[in-house]
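**Q** Got a structure for you, written out below as structure tokens; questions coming shortly.
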Amino acid sequence: MPPKIRKHKSGSEKRKWKKRMEELDLSLRGSLDKFVVREPPVENENNIGGPSGIEQQNVETLNENDNCANGNDGDDVLLNENHSVGGDENNESDHNHPIDNEMDLENENNDGGNNVDDNVRQENNANQSEFFYTVDIFDPRNWDGLDSKMIDILAVKGPKRDLSFDKGPKDRLSKRFSATLYYRVLSNGEKCDREWLVYSKELDKCFCFCCKLFKKGYGRSQLTNEGFGDWTHVSIRLKEHETSPEHFKNMGIWYDLRLRLQKNETIDKVAQKQLNKEKEHWKKVIQRIIAITKFLAKYNLAFRGTNERLYQSNNGIFLGFVETLAEFDPVIQEHVRRITNDEIHVHYLGHNIQNELIRLLGSAIKSEIIKKVKQAKYFSVILDCTPDISHQEQMSLIIRYVDVFSKPMIIEESFLGFLIVNDTSGQGLFDVLQKELKDLGLDIDNVRGQGYDNGANMKGKHQGVQKRLLDINPRAFYTPCGCHSLNLLLCDMANTCGKARDFFGIIQRIYTIFANSTKRWKILKDNVKGLTPKSLSSTRWESRVDSVKAIRFQMIDIREALLQVAEETTDYDNKGLSEAKSLAENELCDFEFLVAIVIWYEILYAVNLVSKNLQSDDMLLDVAIEKIKGLASFFEKYRETGFNDALNTAKEIALEMNVDPVFPQKREIRRKRFFDENPDDAPSVSQSAEESFRVNYFLFIIDQAIVSLKRRFEQFQEYENLFGFLFTSYKLQSLDDESLKSCCANFVIALEDNSGQSDINGDELYVELRLLREFLPRQNMGPLDILMFLKGHDFFPNTFVAYRILLTVPVTVASAERSFSKLKLLKSYMRSTMTQERLNGLAMMAIENDILETIDYEDIIDDFASKNVRRMCLFK
């Protein structure tokens, strides 16, 4: 009888079968990683957490109401009263346009809304399956898991190789990869480029580009699989591999695919053509977005409003520009149409993209400046500090250098950013400066000048920034700001004389009496047709010339306006009535005041004229010294003749105003003489009122000006002794050989570092200057003219260095002061929460706008696209 056949397996067999299946599953686990590179979910570029995968989570609503209450203009915080992040959970994403996931458009309640800022959830859902796009496709470690599109990109662009790399880690035999392996030396000595060879710094191994890419890691050679890292036998293995049939086959596949892609003759030619058309469209879109960003930054305008929705009120200037361009420009018109019709969910109009473009543009400008500074080698640092609207101390960093490669050569003072300062002591400021120079890649030993204001923490001889920098680099010549010194000069003049303080008090009272009321200001404008009185500046004393000038040349009209104010003032304002009447009838009719206003106008005008000249960006040290000497000469001459001239001018004004042109005579106080007093001890005859005013007022302030001018500009005198022989060609030609040699020796000593090494050779400089005197034209030439002459004659190297150092020394910190004007416009009350990175980017574009105009859009687009692989697919 045949055995009975069982239809079902026994329990033992089932257990054995299940065990074999588990073992097989375990052995195959992870095998797909050869084809797909799994990356963990990345956070959305807007830094707003959105849901991931199909299981959507509740997203926190942004708290905009607090920001609206604070009056924020939206440049820094997303503002929208009814705005919450995320859209309809049932809304599906559109994958027709695989664009980067910065910001997307919310289809609010599926009603076709045109929001720009409310769609982070849809963007995350649309891109959950595309996280692998963040992988670096140029890294050989990821080549086993690339799709066809990425392989096409690599085939066209080829591998990225660092040809200068020759410092890889050494193995146990002290061998390492060398860039010479990129070239194959033929029998006849010619070099052949191994463009297929690529080296991974992370793995310290080399690969065959075409074999690794097209064989997917399946091959007999280590160059095709895990990489080759035996540097002792690398030359033999490379020769064996490059002559193998498998390598020739893969090289043919690579060359053929690259040629077909370049000629657009691939099998998906139609799709490729459509893709190229789409790439061109998006490149034009991003070009216009960059142009809008440049314009708004250049003119210090705010970008955002209280919401980020197209065609809604208060959506900001940036989106307003987009709406305006959509009326005329077909590219933006098509872009807006796609947004409003929910055809795309990524549009590059969000605030994070604005910040990224601002950062890229600012970085491009900074890189260009750093490039010029490194070419010039020698530079000076100019620093100044001020608190911003958010009560944060900001230090402006300005670099002064000679642009030797420009035609003609010019002196540049370039802005490099605002630095946050928490410690305003000399050590704290120096630490911030030193760290910033290191981050910028600038050598502190190449600093040849430093310019600060006259603050103790800056100019202090023991604990100031200049002393701490000189301890490290004794060749960093310190120069106090010339404009600040002139300002302190006027402070010394006004504060050392009681009558001078009273004079400026009257000037301020005249302005205040009119400025306190719109009605009074109307009376002033009706009577005064020219200049109007200005308020006195508490810091910029030289600007007080505008306040004095308005009264000096319109004395009669000012008095008439004051009398009219006194007549039309109501009874309940007795204080204003009496003050206006007192100013009109007493102070303005006082002959002593008339003489004082003539004197002060002449002084303020002369000082202000010199101060304005010193504030130019390319001010030279020799010109500044000449201006200061001219101002000192003015005070010396004015001391002799100024009083009589002012007296004659004041008399003419007094006659026009029907004022008696005499000084008020004070009552003489008679003292009782005692019986034992000697007649010879009797008090001398008192001075007349005119003589007393001349001695105790006029001569007092003029002498104070002369003394302060010499004391505050003594550093300029030291520089003249050091650099004076280089100031002009006439000065150079007038020196005899012995004097010239002595000047060269002193100059070399001043340029020595702590180790005793100098920038130039003194003997060679002496020989070169002796010959240069014969080569120079017979006309007076300044240091910049001589430097341009030397550029065309390369056989004066030491002299060329000497003049570059001379022109690098700063004169004022006016450039830093001007940067604070941009800071006030950018970080205003309505934009007080602006981040430091955004502030520096906007300030860089606003201040260095001439460099901004030279930046190529293509470079910015390349940088923008390189931040994400999906952008590379879109823009390249």
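Residue names in the structure tokens use chain letters A, B, ... in the order shown, residue numbers from 1 in each chain, and ligand numbers from 1 in the order shown.
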Write out as a list in words which residues come within 12 Å of Phe795 in chain A when counting only C-alpha atoms, dropping same-chain ones fewer than 6 positions away.

**A**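 Listing them by chain and then by number gives Glu764, Leu765, Val767, Glu768, Leu769, Leu771, Leu772, Phe775, Phe789 and Val801 of chain A.
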
**Q** Would you export the selected residues with N, CA and C atoms as a CSV table (one decimal), in the first residue's frame, please?

**A**
chain,number,residue,atom,x,y,z
A,764,GLU,N,69.1,100.6,0.9
A,764,GLU,CA,68.5,100.5,-0.5
A,764,GLU,C,67.6,101.7,-0.7
A,765,LEU,N,66.8,102.0,0.4
A,765,LEU,CA,65.9,103.1,0.2
A,765,LEU,C,66.6,104.4,0.0
A,767,VAL,N,69.5,104.8,-1.6
A,767,VAL,CA,70.0,104.8,-2.9
A,767,VAL,C,68.9,105.1,-3.9
A,768,GLU,N,67.7,104.4,-3.7
A,768,GLU,CA,66.6,104.6,-4.6
A,768,GLU,C,66.1,106.0,-4.6
A,769,LEU,N,66.0,106.7,-3.4
A,769,LEU,CA,65.5,108.0,-3.3
A,769,LEU,C,66.5,109.0,-4.0
A,771,LEU,N,68.3,108.3,-6.6
A,771,LEU,CA,68.1,108.2,-8.1
A,771,LEU,C,66.7,108.7,-8.4
A,772,LEU,N,65.7,108.6,-7.5
A,772,LEU,CA,64.4,109.0,-7.9
A,772,LEU,C,64.3,110.5,-8.0
A,775,PHE,N,64.8,111.2,-11.5
A,775,PHE,CA,63.8,110.7,-12.5
A,775,PHE,C,62.5,111.5,-12.4
A,789,PHE,N,53.7,107.3,-10.2
A,789,PHE,CA,54.9,107.3,-11.0
A,789,PHE,C,55.8,106.1,-10.8
A,801,VAL,N,57.2,100.7,-1.4
A,801,VAL,CA,56.6,100.2,-0.1
A,801,VAL,C,56.5,101.4,0.9

**Q** Enumerate the residues of range 186-263 of chain A with a DSSP assignment of strand (DSSP E or B), computed from the backbone, and present them as a PyMOL selection string.

**A** chain A and resi 191-193+197-200+205-208+228

**Q** Fewer than 3 positions away in the same chain doesn't count, so skip those; otherwise give me all residues within 7 Å of Val595 in chain A, counting only C-alpha atoms, as an mmCIF file with N, CA, C and O atoms, in the first residue's frame.

**A**
data_model
loop_
_atom_site.group_PDB
_atom_site.id
_atom_site.type_symbol
_atom_site.label_atom_id
_atom_site.label_comp_id
_atom_site.auth_asym_id
_atom_site.auth_seq_id
_atom_site.Cartn_x
_atom_site.Cartn_y
_atom_site.Cartn_z
ATOM 1 N N PHE A 591 25.903 146.009 22.170
ATOM 2 C CA PHE A 591 27.033 146.107 21.245
ATOM 3 C C PHE A 591 28.072 145.029 21.533
ATOM 4 O O PHE A 591 28.740 144.535 20.619
ATOM 5 N N GLU A 592 28.215 144.638 22.770
ATOM 6 C CA GLU A 592 29.154 143.565 23.111
ATOM 7 C C GLU A 592 28.741 142.251 22.438
ATOM 8 O O GLU A 592 29.584 141.491 21.963
ATOM 9 N N VAL A 598 30.281 138.487 15.587
ATOM 10 C CA VAL A 598 31.186 138.632 14.441
ATOM 11 C C VAL A 598 32.456 137.808 14.673
ATOM 12 O O VAL A 598 32.937 137.109 13.775
ATOM 13 N N ILE A 599 32.998 137.849 15.882
ATOM 14 C CA ILE A 599 34.220 137.103 16.195
ATOM 15 C C ILE A 599 33.981 135.600 16.088
ATOM 16 O O ILE A 599 34.763 134.869 15.454
ATOM 17 N N ALA A 646 36.632 143.030 13.621
ATOM 18 C CA ALA A 646 35.324 142.678 14.164
ATOM 19 C C ALA A 646 34.624 143.904 14.736
ATOM 20 O O ALA A 646 33.394 144.045 14.623
ATOM 21 N N LEU A 647 35.403 144.797 15.347
ATOM 22 C CA LEU A 647 34.825 146.015 15.928
ATOM 23 C C LEU A 647 34.227 146.900 14.839
ATOM 24 O O LEU A 647 33.113 147.435 14.994
ATOM 25 N N ALA A 650 31.000 145.243 13.529
ATOM 26 C CA ALA A 650 29.915 145.347 14.505
ATOM 27 C C ALA A 650 29.341 146.758 14.531
ATOM 28 O O ALA A 650 28.126 146.929 14.733
#

**Q** Could you state the separation of CA of Ala291 in chain A and CA of Leu357 in chain A in Å, given to one decimal place?

**A**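 Separating CA of Ala291 in chain A from CA of Leu357 in chain A is a distance of 10.2 Å.
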
**Q** Do you know which residues are at most 10 Å from range 277-279 of chain A counting only C-alpha atoms, after dropping those on the same chain fewer than 3 positions away, and could you put them as number ranges by chain?

**A** A: 97, 271-274, 282-285, 871-876

**Q** Which residues are close to range 172-182 of chain A, i.e. within 9 Å by only C-alpha atoms, leaving aside same-chain residues fewer than 6 positions away? Reply as a PDB file with all heavy atoms, in the first residue's frame.

**A**
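The resulting file, around-v2.pdb, is shown below:
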ATOM      1  N   ASP A 162      40.611  68.800  -6.163  1.00  0.00           N
ATOM      2  CA  ASP A 162      41.472  69.866  -5.640  1.00  0.00           C
ATOM      3  C   ASP A 162      42.892  69.611  -6.133  1.00  0.00           C
ATOM      4  O   ASP A 162      43.617  68.799  -5.585  1.00  0.00           O
ATOM      5  CB  ASP A 162      41.413  69.873  -4.117  1.00  0.00           C
ATOM      6  CG  ASP A 162      42.158  71.062  -3.529  1.00  0.00           C
ATOM      7  OD1 ASP A 162      42.703  71.860  -4.328  1.00  0.00           O
ATOM      8  OD2 ASP A 162      42.197  71.200  -2.301  1.00  0.00           O
ATOM      9  N   LEU A 163      43.276  70.307  -7.215  1.00  0.00           N
ATOM     10  CA  LEU A 163      44.586  70.072  -7.821  1.00  0.00           C
ATOM     11  C   LEU A 163      45.728  70.568  -6.954  1.00  0.00           C
ATOM     12  O   LEU A 163      46.878  70.179  -7.154  1.00  0.00           O
ATOM     13  CB  LEU A 163      44.651  70.747  -9.197  1.00  0.00           C
ATOM     14  CG  LEU A 163      43.640  70.221 -10.227  1.00  0.00           C
ATOM     15  CD1 LEU A 163      43.785  70.984 -11.525  1.00  0.00           C
ATOM     16  CD2 LEU A 163      43.822  68.732 -10.460  1.00  0.00           C
ATOM     17  N   SER A 164      45.413  71.450  -6.002  1.00  0.00           N
ATOM     18  CA  SER A 164      46.471  71.968  -5.122  1.00  0.00           C
ATOM     19  C   SER A 164      46.658  71.097  -3.893  1.00  0.00           C
ATOM     20  O   SER A 164      47.495  71.387  -3.049  1.00  0.00           O
ATOM     21  CB  SER A 164      46.141  73.404  -4.693  1.00  0.00           C
ATOM     22  OG  SER A 164      44.947  73.425  -3.934  1.00  0.00           O
ATOM     23  N   PHE A 165      45.835  70.034  -3.761  1.00  0.00           N
ATOM     24  CA  PHE A 165      45.881  69.230  -2.542  1.00  0.00           C
ATOM     25  C   PHE A 165      47.086  68.305  -2.548  1.00  0.00           C
ATOM     26  O   PHE A 165      47.255  67.501  -3.441  1.00  0.00           O
ATOM     27  CB  PHE A 165      44.585  68.423  -2.418  1.00  0.00           C
ATOM     28  CG  PHE A 165      44.476  67.665  -1.118  1.00  0.00           C
ATOM     29  CD1 PHE A 165      44.038  68.308   0.026  1.00  0.00           C
ATOM     30  CD2 PHE A 165      44.836  66.336  -1.049  1.00  0.00           C
ATOM     31  CE1 PHE A 165      43.933  67.626   1.215  1.00  0.00           C
ATOM     32  CE2 PHE A 165      44.734  65.656   0.142  1.00  0.00           C
ATOM     33  CZ  PHE A 165      44.282  66.290   1.265  1.00  0.00           C
ATOM     34  N   ASP A 166      47.941  68.385  -1.567  1.00  0.00           N
ATOM     35  CA  ASP A 166      49.109  67.517  -1.463  1.00  0.00           C
ATOM     36  C   ASP A 166      49.492  67.326   0.012  1.00  0.00           C
ATOM     37  O   ASP A 166      50.643  67.129   0.332  1.00  0.00           O
ATOM     38  CB  ASP A 166      50.290  68.112  -2.226  1.00  0.00           C
ATOM     39  CG  ASP A 166      51.362  67.049  -2.516  1.00  0.00           C
ATOM     40  OD1 ASP A 166      51.045  65.853  -2.437  1.00  0.00           O
ATOM     41  OD2 ASP A 166      52.504  67.440  -2.807  1.00  0.00           O
ATOM     42  N   CYS A 192      49.436  63.403 -19.350  1.00  0.00           N
ATOM     43  CA  CYS A 192      48.049  63.160 -19.759  1.00  0.00           C
ATOM     44  C   CYS A 192      47.162  63.232 -18.518  1.00  0.00           C
ATOM     45  O   CYS A 192      47.453  62.589 -17.501  1.00  0.00           O
ATOM     46  CB  CYS A 192      47.926  61.790 -20.432  1.00  0.00           C
ATOM     47  SG  CYS A 192      46.247  61.411 -20.991  1.00  0.00           S
ATOM     48  N   ASP A 193      46.130  64.024 -18.602  1.00  0.00           N
ATOM     49  CA  ASP A 193      45.250  64.249 -17.454  1.00  0.00           C
ATOM     50  C   ASP A 193      44.379  63.019 -17.209  1.00  0.00           C
ATOM     51  O   ASP A 193      43.670  62.551 -18.095  1.00  0.00           O
ATOM     52  CB  ASP A 193      44.373  65.481 -17.692  1.00  0.00           C
ATOM     53  CG  ASP A 193      43.528  65.803 -16.474  1.00  0.00           C
ATOM     54  OD1 ASP A 193      43.810  65.249 -15.389  1.00  0.00           O
ATOM     55  OD2 ASP A 193      42.583  66.602 -16.603  1.00  0.00           O
ATOM     56  N   ARG A 194      44.435  62.515 -15.986  1.00  0.00           N
ATOM     57  CA  ARG A 194      43.522  61.445 -15.580  1.00  0.00           C
ATOM     58  C   ARG A 194      42.263  62.088 -15.004  1.00  0.00           C
ATOM     59  O   ARG A 194      42.068  62.173 -13.787  1.00  0.00           O
ATOM     60  CB  ARG A 194      44.181  60.571 -14.520  1.00  0.00           C
ATOM     61  CG  ARG A 194      45.298  59.679 -15.047  1.00  0.00           C
ATOM     62  CD  ARG A 194      45.986  58.972 -13.890  1.00  0.00           C
ATOM     63  NE  ARG A 194      46.944  57.987 -14.349  1.00  0.00           N
ATOM     64  CZ  ARG A 194      48.055  57.650 -13.696  1.00  0.00           C
ATOM     65  NH1 ARG A 194      48.342  58.253 -12.554  1.00  0.00           N
ATOM     66  NH2 ARG A 194      48.863  56.733 -14.173  1.00  0.00           N
ATOM     67  N   GLU A 195      41.413  62.562 -15.894  1.00  0.00           N
ATOM     68  CA  GLU A 195      40.226  63.263 -15.420  1.00  0.00           C
ATOM     69  C   GLU A 195      39.239  62.333 -14.741  1.00  0.00           C
ATOM     70  O   GLU A 195      38.292  62.771 -14.099  1.00  0.00           O
ATOM     71  CB  GLU A 195      39.530  63.985 -16.580  1.00  0.00           C
ATOM     72  CG  GLU A 195      39.069  63.079 -17.695  1.00  0.00           C
ATOM     73  CD  GLU A 195      38.303  63.863 -18.754  1.00  0.00           C
ATOM     74  OE1 GLU A 195      37.716  64.893 -18.404  1.00  0.00           O
ATOM     75  OE2 GLU A 195      38.321  63.448 -19.920  1.00  0.00           O
ATOM     76  N   TRP A 196      39.455  61.025 -14.863  1.00  0.00           N
ATOM     77  CA  TRP A 196      38.575  60.055 -14.226  1.00  0.00           C
ATOM     78  C   TRP A 196      38.954  59.809 -12.774  1.00  0.00           C
ATOM     79  O   TRP A 196      38.186  59.227 -12.012  1.00  0.00           O
ATOM     80  CB  TRP A 196      38.636  58.714 -14.977  1.00  0.00           C
ATOM     81  CG  TRP A 196      40.045  58.211 -15.197  1.00  0.00           C
ATOM     82  CD1 TRP A 196      40.836  58.448 -16.270  1.00  0.00           C
ATOM     83  CD2 TRP A 196      40.817  57.402 -14.294  1.00  0.00           C
ATOM     84  NE1 TRP A 196      42.058  57.837 -16.122  1.00  0.00           N
ATOM     85  CE2 TRP A 196      42.073  57.186 -14.912  1.00  0.00           C
ATOM     86  CE3 TRP A 196      40.570  56.835 -13.050  1.00  0.00           C
ATOM     87  CZ2 TRP A 196      43.070  56.434 -14.311  1.00  0.00           C
ATOM     88  CZ3 TRP A 196      41.565  56.085 -12.451  1.00  0.00           C
ATOM     89  CH2 TRP A 196      42.807  55.883 -13.083  1.00  0.00           C
ATOM     90  N   LEU A 197      40.132  60.251 -12.356  1.00  0.00           N
ATOM     91  CA  LEU A 197      40.595  59.990 -10.999  1.00  0.00           C
ATOM     92  C   LEU A 197      40.073  61.065 -10.052  1.00  0.00           C
ATOM     93  O   LEU A 197      40.192  62.259 -10.316  1.00  0.00           O
ATOM     94  CB  LEU A 197      42.122  59.957 -10.961  1.00  0.00           C
ATOM     95  CG  LEU A 197      42.757  59.634  -9.597  1.00  0.00           C
ATOM     96  CD1 LEU A 197      42.352  58.238  -9.147  1.00  0.00           C
ATOM     97  CD2 LEU A 197      44.271  59.768  -9.667  1.00  0.00           C
ATOM     98  N   VAL A 198      39.489  60.641  -8.941  1.00  0.00           N
ATOM     99  CA  VAL A 198      38.957  61.564  -7.946  1.00  0.00           C
ATOM    100  C   VAL A 198      39.364  61.063  -6.567  1.00  0.00           C
ATOM    101  O   VAL A 198      39.398  59.842  -6.318  1.00  0.00           O
ATOM    102  CB  VAL A 198      37.424  61.682  -8.061  1.00  0.00           C
ATOM    103  CG1 VAL A 198      36.748  60.345  -7.876  1.00  0.00           C
ATOM    104  CG2 VAL A 198      36.880  62.687  -7.052  1.00  0.00           C
ATOM    105  N   TYR A 199      39.706  62.003  -5.687  1.00  0.00           N
ATOM    106  CA  TYR A 199      40.179  61.665  -4.339  1.00  0.00           C
ATOM    107  C   TYR A 199      39.179  62.175  -3.306  1.00  0.00           C
ATOM    108  O   TYR A 199      38.682  63.305  -3.393  1.00  0.00           O
ATOM    109  CB  TYR A 199      41.547  62.300  -4.089  1.00  0.00           C
ATOM    110  CG  TYR A 199      42.033  62.184  -2.660  1.00  0.00           C
ATOM    111  CD1 TYR A 199      42.475  60.971  -2.146  1.00  0.00           C
ATOM    112  CD2 TYR A 199      42.049  63.296  -1.820  1.00  0.00           C
ATOM    113  CE1 TYR A 199      42.924  60.860  -0.840  1.00  0.00           C
ATOM    114  CE2 TYR A 199      42.496  63.205  -0.518  1.00  0.00           C
ATOM    115  CZ  TYR A 199      42.931  61.981  -0.032  1.00  0.00           C
ATOM    116  OH  TYR A 199      43.365  61.896   1.261  1.00  0.00           O
ATOM    117  N   ASP A 204      39.971  59.284   2.585  1.00  0.00           N
ATOM    118  CA  ASP A 204      41.401  59.144   2.275  1.00  0.00           C
ATOM    119  C   ASP A 204      41.609  57.993   1.288  1.00  0.00           C
ATOM    120  O   ASP A 204      42.515  57.162   1.451  1.00  0.00           O
ATOM    121  CB  ASP A 204      42.204  58.918   3.559  1.00  0.00           C
ATOM    122  CG  ASP A 204      43.711  59.011   3.294  1.00  0.00           C
ATOM    123  OD1 ASP A 204      44.095  59.734   2.366  1.00  0.00           O
ATOM    124  OD2 ASP A 204      44.479  58.341   4.024  1.00  0.00           O
ATOM    125  N   LYS A 205      40.772  57.991   0.243  1.00  0.00           N
ATOM    126  CA  LYS A 205      40.867  56.977  -0.801  1.00  0.00           C
ATOM    127  C   LYS A 205      40.588  57.627  -2.143  1.00  0.00           C
ATOM    128  O   LYS A 205      39.933  58.674  -2.220  1.00  0.00           O
ATOM    129  CB  LYS A 205      39.877  55.840  -0.551  1.00  0.00           C
ATOM    130  CG  LYS A 205      40.194  54.997   0.683  1.00  0.00           C
ATOM    131  CD  LYS A 205      39.198  53.856   0.848  1.00  0.00           C
ATOM    132  CE  LYS A 205      39.540  53.014   2.080  1.00  0.00           C
ATOM    133  NZ  LYS A 205      38.591  51.891   2.250  1.00  0.00           N
ATOM    134  N   CYS A 206      41.069  56.997  -3.196  1.00  0.00           N
ATOM    135  CA  CYS A 206      40.816  57.495  -4.539  1.00  0.00           C
ATOM    136  C   CYS A 206      39.886  56.521  -5.267  1.00  0.00           C
ATOM    137  O   CYS A 206      39.858  55.321  -4.973  1.00  0.00           O
ATOM    138  CB  CYS A 206      42.116  57.712  -5.304  1.00  0.00           C
ATOM    139  SG  CYS A 206      43.155  56.251  -5.449  1.00  0.00           S
ATOM    140  N   GLY A 229      43.350  52.892  -1.166  1.00  0.00           N
ATOM    141  CA  GLY A 229      44.091  53.755  -0.253  1.00  0.00           C
ATOM    142  C   GLY A 229      45.480  53.264   0.060  1.00  0.00           C
ATOM    143  O   GLY A 229      46.090  53.750   1.029  1.00  0.00           O
ATOM    144  N   ASP A 230      46.008  52.332  -0.730  1.00  0.00           N
ATOM    145  CA  ASP A 230      47.380  51.852  -0.527  1.00  0.00           C
ATOM    146  C   ASP A 230      48.320  52.739  -1.331  1.00  0.00           C
ATOM    147  O   ASP A 230      48.566  52.521  -2.521  1.00  0.00           O
ATOM    148  CB  ASP A 230      47.485  50.392  -0.975  1.00  0.00           C
ATOM    149  CG  ASP A 230      48.874  49.804  -0.713  1.00  0.00           C
ATOM    150  OD1 ASP A 230      49.706  50.529  -0.112  1.00  0.00           O
ATOM    151  OD2 ASP A 230      49.113  48.654  -1.108  1.00  0.00           O
ATOM    152  N   TRP A 231      48.857  53.792  -0.689  1.00  0.00           N
ATOM    153  CA  TRP A 231      49.624  54.798  -1.425  1.00  0.00           C
ATOM    154  C   TRP A 231      51.013  54.283  -1.832  1.00  0.00           C
ATOM    155  O   TRP A 231      51.667  54.911  -2.657  1.00  0.00           O
ATOM    156  CB  TRP A 231      49.766  56.059  -0.576  1.00  0.00           C
ATOM    157  CG  TRP A 231      48.461  56.559  -0.070  1.00  0.00           C
ATOM    158  CD1 TRP A 231      48.109  56.814   1.211  1.00  0.00           C
ATOM    159  CD2 TRP A 231      47.307  56.863  -0.859  1.00  0.00           C
ATOM    160  NE1 TRP A 231      46.813  57.254   1.299  1.00  0.00           N
ATOM    161  CE2 TRP A 231      46.301  57.293   0.023  1.00  0.00           C
ATOM    162  CE3 TRP A 231      47.014  56.797  -2.218  1.00  0.00           C
ATOM    163  CZ2 TRP A 231      45.027  57.666  -0.387  1.00  0.00           C
ATOM    164  CZ3 TRP A 231      45.742  57.166  -2.642  1.00  0.00           C
ATOM    165  CH2 TRP A 231      44.772  57.579  -1.746  1.00  0.00           C
ATOM    166  N   THR A 232      51.420  53.151  -1.295  1.00  0.00           N
ATOM    167  CA  THR A 232      52.707  52.581  -1.710  1.00  0.00           C
ATOM    168  C   THR A 232      52.616  51.986  -3.110  1.00  0.00           C
ATOM    169  O   THR A 232      53.544  52.113  -3.925  1.00  0.00           O
ATOM    170  CB  THR A 232      53.149  51.505  -0.712  1.00  0.00           C
ATOM    171  OG1 THR A 232      53.210  52.086   0.598  1.00  0.00           O
ATOM    172  CG2 THR A 232      54.513  50.947  -1.076  1.00  0.00           C
ATOM    173  N   VAL A 234      49.972  52.629  -5.275  1.00  0.00           N
ATOM    174  CA  VAL A 234      48.903  53.309  -6.001  1.00  0.00           C
ATOM    175  C   VAL A 234      49.255  53.504  -7.474  1.00  0.00           C
ATOM    176  O   VAL A 234      48.398  53.387  -8.360  1.00  0.00           O
ATOM    177  CB  VAL A 234      48.572  54.663  -5.318  1.00  0.00           C
ATOM    178  CG1 VAL A 234      49.752  55.605  -5.380  1.00  0.00           C
ATOM    179  CG2 VAL A 234      47.341  55.288  -5.939  1.00  0.00           C
ATOM    180  N   SER A 235      50.525  53.797  -7.786  1.00  0.00           N
ATOM    181  CA  SER A 235      50.901  54.041  -9.184  1.00  0.00           C
ATOM    182  C   SER A 235      50.699  52.783 -10.033  1.00  0.00           C
ATOM    183  O   SER A 235      50.206  52.856 -11.165  1.00  0.00           O
ATOM    184  CB  SER A 235      52.352  54.497  -9.264  1.00  0.00           C
ATOM    185  OG  SER A 235      52.545  55.690  -8.554  1.00  0.00           O
ATOM    186  N   LEU A 238      46.892  52.172 -10.545  1.00  0.00           N
ATOM    187  CA  LEU A 238      46.296  53.116 -11.488  1.00  0.00           C
ATOM    188  C   LEU A 238      46.624  52.726 -12.925  1.00  0.00           C
ATOM    189  O   LEU A 238      45.763  52.818 -13.813  1.00  0.00           O
ATOM    190  CB  LEU A 238      46.780  54.541 -11.191  1.00  0.00           C
ATOM    191  CG  LEU A 238      46.305  55.180  -9.884  1.00  0.00           C
ATOM    192  CD1 LEU A 238      46.868  56.587  -9.728  1.00  0.00           C
ATOM    193  CD2 LEU A 238      44.780  55.231  -9.817  1.00  0.00           C
TER     194      LEU A 238
END

**Q** Tell me, as a list of chain:residue names, which residues lie within 8 Å of range 416-432 of chain A, counting only C-alpha atoms; anything in the same chain fewer than 5 positions away does not count.

**A**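 The contact residues come out as A:Lys366, A:Gln392, A:Glu393, A:Gln394, A:Met395, A:Ser396, A:Leu397, A:Ile398, A:Ile399, A:Asn457, A:Met458, A:Gly460, A:Gln463, A:Gly464, A:Val465, A:Arg468, A:Leu469, A:Asn840, A:Ala843, A:Met844.
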
**Q** Given the choices A:Thr812, A:Ser406, A:Gln287, A:Gln704, which gets closest to Asn454 in chain A if the distance is worked out from only C-alpha atoms?

**A**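 Counting only C-alpha atoms, the residue closest to Asn454 in chain A is A:Thr812.
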
**Q** Check the DSSP output for the backbone and give back, as a PyMOL selection string, the residues of range 538-761 of chain A in alpha helix (DSSP H).

**A** chain A and resi 545-552+555-568+574-582+591-614+621-656+689-693+699-712+714-723+729-734+737-750

**Q** If I take CA of Ala302 in chain A and CA of Glu343 in chain A, how far is one from the other in Å, to one decimal?

**A**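 Going from CA of Ala302 in chain A over to CA of Glu343 in chain A covers 29.1 Å.
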
**Q** What's the 7 Å shell around range 756-763 of chain A, counting only C-alpha atoms, without same-chain residues fewer than 5 positions away, as a VMD selection string?

**A** chain A and resid 744 to 745 748 751 798

**Q** Take the residues from that selection and write them out as a short mmCIF file (atom, residue, chain, number, x, y, z; two decimals), in the first residue's frame, keeping N, CA, C and O atoms.

**A**
data_model
loop_
_atom_site.label_atom_id
_atom_site.label_comp_id
_atom_site.auth_asym_id
_atom_site.auth_seq_id
_atom_site.Cartn_x
_atom_site.Cartn_y
_atom_site.Cartn_z
N CYS A 744 66.09 108.44 6.11
CA CYS A 744 65.86 107.04 5.76
C CYS A 744 66.15 106.14 6.95
O CYS A 744 65.42 105.17 7.20
N ALA A 745 67.19 106.44 7.72
CA ALA A 745 67.53 105.64 8.88
C ALA A 745 66.44 105.70 9.95
O ALA A 745 66.04 104.68 10.53
N VAL A 748 63.35 103.71 8.78
CA VAL A 748 63.53 102.25 8.90
C VAL A 748 63.34 101.81 10.34
O VAL A 748 62.72 100.77 10.62
N LEU A 751 59.78 101.49 11.32
CA LEU A 751 59.07 100.37 10.70
C LEU A 751 59.58 99.01 11.17
O LEU A 751 59.29 98.00 10.55
N ASN A 798 61.72 99.50 -2.64
CA ASN A 798 61.65 100.00 -1.27
C ASN A 798 60.89 101.32 -1.19
O ASN A 798 60.13 101.56 -0.25
#
